[in-house]
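Please read the structure below before turning to the comments.
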Amino acid sequence: MSRKITIVGAGLVGSLWATLAAKRGHSVEVFEKRLDPRKSALAAGRSINLVITSRGLHGLERAGLLQDALALCVPVYGRYIHTLDSQTRFQPYGREGDCNYSVSRTGLNRFLIDAAERAGAVFHFAQGLSEVDFDKRILRFSTAQGKVDHGFELLFGADGAASVVRKELVRDSSGSIQESTDWLDVDYKELLIPPGPNGSFPVEKNALHIWPRGSHMMMALANLDGSFTVTLYLPKSGSEVAFDRLKSPGSVQALFESQFPDAIRLMPGYEQQFVENPQGVLGNVHCSRWTRGDRAALLGDAAHAIVPFFGQGMNSGFEDCTVLLDCLHRHGDDWGSVLATYESIQRENAQAIATMAVENWVEMRDRVADPQFQLRKQVEAFLEREHPTRYRSRYGMIAYTLIPYRLAQLAGHVQEKMLAELCAGLESAEKLDPAKALASLEKYFEPFVQKHALSLKAYRPG
Ligand code: FAD
């Protein structure tokens with residue numbers, strides 16, 4: 001039965017859900033605080049690019065948008081590590097054919113809004129939600145014309161990390177808001193590597209460039225036009241290399257000369273960019289509930305904003321949409337059951353990826369340069385290569401399969417144990433005894449895979 005669906009937030013997740021819901025025949029309206037990002041570059045918000053992996057691809061495929069979306073992307077096959085002495089080393093992500101896709105946030109958002117409109121969704125821009133009355137099913141928006149009320153039947157809050165829908169949803173009877181954020185002591189800033197001559201790529205385009213430096217880290221991802229978006233992650237304060245020490249172009253220059261010397265030639269005017277560009281904060285959001293009976297649910301960052309170090313924020317938000325769709329198939333028009341099942345499936349998955357994203361921060365900034373970690377990665381690569389149907393790394397499960405995050409997290413614990421045993425006393429990956437490796441796989445990993453009936457095959461769309 002067609003229902004009237006109201007979505008707050010026309011970001012990536014709200015726009016995808018609008019497309020999916022409209023394609024199922026629902027009448028969909030979307031309210032967005034910003035101006036239309038297709039008409040105003042400034043209103044488009046954060047300029048960063050993002051990585052799409054299996055769950056994001058799956059969401060796009062379910063909406064019939066995958067092939068067109070891929071045309072907006074640059075494939076990324078692994079990490080390109082830049083060491084302090086300006087050496088470089090390539091670490092493939094997984095097996096041959098495994099890759100991530102770098103895409104412009106603004107480009108993808110515009111594409112998804114267009115798609116949702118084609119599917120029949122109606123967008124209202126410059127409408128910031130300020131209040132929700134769940135009992136009377138009324139939304140109050142601030143607009144240029146003043147406060148405007150809209151009734152709703154079924155509400156989805158896709159209004160991002162600072163969600164107003166969430167704050168209203170988790171307010172308890174005493175009026176207190178049951179949510180919290182675990183802030184990281186690290187902030188980020190974006191810089192730009194401009195395209196080379198004639199739109200060429202000044203460094204390897206099909207890789208995530210990483211400058212891991214222990215307490216801090218820099219990353220760069222290619223855009224279609226030959227440029228790279230650079231993200232610099234530094235402690236807020238409390239160390240020599242921290243944002244509060246970097247207030248002048250001179251101090252920024254000293255930072256780059258000592259920490260990222262090989263990046264300087266790529267970024268003319270980086271000191272000025274650093275001083276002028278905003279400093280973003282990072283954290284994992286937790287809240288007491290995601291749904292309210294048969295009338296409201298949170299999606300994407302509104303439900304579970306996470307730190308970006310697994311590149312899964314949007315991907316997990318797109319997974320929310322596909323899980324909701326599956327719940328609709330299962331429960332039909334019984335929205336109370338649809339929303340309750342959705343929450344029971346996705347909440348534990350969101351918790352798992354939030355925890356793993358913080359772990360990945362430590363891995364990316366620090367451990368990728370550690371010889372023991374590299375040995376472990378090489379042993380994993382051996383297992384993936386020699387036993388492609390029987391072994392997949394945790395990263396591979398998260399980025400290339402649709403195995404629920406919670407199970408990937410548990411599988412990761414099993415792998416930790418197994419790899420620690422295989423690497424104990426091992427001088428180099430070449431000296432690994434293949435028979436011992438197989439025995440270990442059969443002892444530790446296979447029973448887990450069988451118990452949970454996991455398919456380790458990569459999700460390949462189409
Ligand atoms: P948002 O994109 O925040 O959209 C929310 C929308 O709601 C916005 O349009 C906003 O204007 C609107 N809104 C807000 N309040 C109101 C209101 N009161 N009324 C009406 N509208 C409102 N994820 C990945 O999957 N891969 C990556 O590689 C990746 N890299 C990242 C790198 C960085 C540095 C950061 C910070 C994040 C990264 N993420 C990544 C996470 C990703 O950006 C988010 O998870 C994703 O944008 C969430 O989408 P969303 O639609 O839920 O929220």
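We label chains A, B, ... in the order they appear in the structure tokens, count residues from 1 in each chain, and number ligands from 1 in the order shown.
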
Hey, which residues come within 7 Å of ligand 1 if we count only C-alpha atoms and all ligand atoms? Could you give them as a PyMOL selection string?
-> chain A and resi 8-14+31-34+48-52+127-130+158-164+188+231+282+299-302+305-308+311-317

Taking a cut-off of 10 Å and counting only C-alpha atoms, can you build a table that, for each residue of region 160-213 of chain A near region 218-223 of chain A, reports the nearest atom pair and how far apart they are in Å (one decimal), sorted by chain then residue number, as a Markdown table?
| residue | atom | partner | partner_atom | distance |
| --- | --- | --- | --- | --- |
| A:Tyr188 | CA | A:Met218 | CA | 9.3 |
| A:Lys189 | CA | A:Met218 | CA | 9.6 |
| A:Glu190 | CA | A:Ala220 | CA | 9.5 |
| A:Leu191 | CA | A:Ala220 | CA | 9.0 |
| A:Leu192 | CA | A:Ala220 | CA | 8.6 |
| A:Ile193 | CA | A:Ala220 | CA | 8.3 |
| A:Pro194 | CA | A:Asn223 | CA | 9.8 |
| A:Pro195 | CA | A:Asn223 | CA | 9.0 |
| A:Phe201 | CA | A:Ala222 | CA | 7.9 |
| A:Pro202 | CA | A:Ala222 | CA | 9.7 |
| A:Val203 | CA | A:Ala222 | CA | 8.9 |
| A:Glu204 | CA | A:Ala222 | CA | 8.6 |
| A:Lys205 | CA | A:Ala222 | CA | 5.6 |
| A:Asn206 | CA | A:Ala222 | CA | 7.4 |
| A:Ala207 | CA | A:Leu221 | CA | 7.2 |
| A:Leu208 | CA | A:Leu221 | CA | 5.4 |
| A:His209 | CA | A:Ala220 | CA | 5.0 |
| A:Ile210 | CA | A:Met219 | CA | 4.5 |
| A:Trp211 | CA | A:Met218 | CA | 5.0 |
| A:Pro212 | CA | A:Met218 | CA | 6.7 |
| A:Arg213 | CA | A:Met218 | CA | 8.3 |

From the DSSP assignment of the backbone, select every residue of region 3-127 of chain A that is strand (DSSP E or B), and format the answer as a count of residues only.
-> 35

Write out as a PDB file with N, CA and C atoms, in the first residue's frame which residues come within 7 Å of region 185-187 of chain A when counting only C-alpha atoms, dropping same-chain ones fewer than 2 positions away.
ATOM      1  N   TRP A 183      33.958  11.872  21.351  1.00  0.00           N
ATOM      2  CA  TRP A 183      34.780  12.697  20.459  1.00  0.00           C
ATOM      3  C   TRP A 183      36.199  12.143  20.411  1.00  0.00           C
ATOM      4  N   TYR A 233      44.897  14.706   9.423  1.00  0.00           N
ATOM      5  CA  TYR A 233      44.360  14.400  10.757  1.00  0.00           C
ATOM      6  C   TYR A 233      45.452  14.677  11.781  1.00  0.00           C
ATOM      7  N   LEU A 234      45.178  15.598  12.697  1.00  0.00           N
ATOM      8  CA  LEU A 234      46.166  15.963  13.719  1.00  0.00           C
ATOM      9  C   LEU A 234      45.487  16.044  15.074  1.00  0.00           C
ATOM     10  N   PRO A 235      46.248  15.777  16.166  1.00  0.00           N
ATOM     11  CA  PRO A 235      45.662  15.999  17.492  1.00  0.00           C
ATOM     12  C   PRO A 235      45.211  17.465  17.623  1.00  0.00           C
ATOM     13  N   LYS A 236      44.158  17.649  18.421  1.00  0.00           N
ATOM     14  CA  LYS A 236      43.684  19.033  18.645  1.00  0.00           C
ATOM     15  C   LYS A 236      44.764  19.841  19.360  1.00  0.00           C
ATOM     16  N   GLN A 279      38.404  23.601  10.301  1.00  0.00           N
ATOM     17  CA  GLN A 279      38.887  22.429  11.052  1.00  0.00           C
ATOM     18  C   GLN A 279      37.673  21.625  11.485  1.00  0.00           C
ATOM     19  N   GLY A 280      37.586  20.349  11.050  1.00  0.00           N
ATOM     20  CA  GLY A 280      36.418  19.522  11.377  1.00  0.00           C
ATOM     21  C   GLY A 280      36.666  18.638  12.590  1.00  0.00           C
ATOM     22  N   VAL A 281      35.588  18.299  13.293  1.00  0.00           N
ATOM     23  CA  VAL A 281      35.704  17.421  14.467  1.00  0.00           C
ATOM     24  C   VAL A 281      35.218  16.016  14.085  1.00  0.00           C
ATOM     25  N   LEU A 282      35.613  15.023  14.870  1.00  0.00           N
ATOM     26  CA  LEU A 282      35.279  13.636  14.560  1.00  0.00           C
ATOM     27  C   LEU A 282      34.801  12.915  15.813  1.00  0.00           C
TER      28      LEU A 282
END

Shell around region 353-358 of chain A at 7 Å using only C-alpha atoms, local window under 2 positions removed, as a VMD selection string = chain A and resid 284 306 to 310 349 to 351 360 to 362 405

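Distance annotation: of A:Pro37, A:Gly412, A:Gly175, A:Gly226, the residue with the minimal separation from Val74 (chain A) is A:Gly226; atom set is only C-alpha atoms.
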
Go through A:Glu168, A:Gln273, A:Arg330, A:Arg295 one by one, measure the shortest atom-to-atom distance of each to Ser248 (chain A) using only C-alpha atoms, and give the residue with the smallest value.
-> A:Gln273

Report as a list in words: the residues of region 204-318 of chain A with a DSSP assignment of alpha helix (DSSP H), based on the backbone of this structure.
-> Pro249, Gly250, Ser251, Val252, Gln253, Ala254, Leu255, Phe256, Glu257, Ser258, Gln259, Tyr270, Glu271, Gln272, Gln273, Phe274, Val275, Glu276, Asp301, Ala302, Ala303, His304, Gly313, Met314, Asn315, Ser316, Gly317 and Phe318 of chain A

Can you list, as a list in words, every protein, DNA or RNA residue that comes within 9 Å of region 453-455 of chain A when you count only C-alpha atoms, leaving out same-chain residues fewer than 6 positions away?
-> Thr389, Thr401, Leu402, Ile403 and Leu407 of chain A

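Among A:Arg105, A:Lys4, A:Arg289, A:Lys417, the residue with the shortest atom-to-atom distance to Gln178 (chain A), counting only C-alpha atoms, is A:Arg289.
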
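Using only C-alpha atoms, the contacts of region 63-69 of chain A at a cut-off of 7 Å, with sequence neighbours closer than 4 positions omitted, comprise Thr19, Leu20, Leu57 and Gly59 of chain A.
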
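Proximity to Leu298 (chain A) at 7 Å, evaluated using only C-alpha atoms and with sequence-adjacent residues fewer than 3 positions away removed, yields A:Phe156, A:Gly157, A:Ala158, A:Arg166, A:Trp290, A:Thr291, A:Ala302, A:Ala303.
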
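Among the candidates A:Thr341, A:Ser15, A:Gln346, A:Gln415, the residue lying nearest to Ala115 (chain A) is A:Ser15 (atoms considered: only C-alpha atoms).
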
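The smallest atom-to-atom distance between Arg95 (chain A) and any of A:Glu416, A:Glu386, A:Glu319, A:Asp36, using only C-alpha atoms, is found for A:Glu386.
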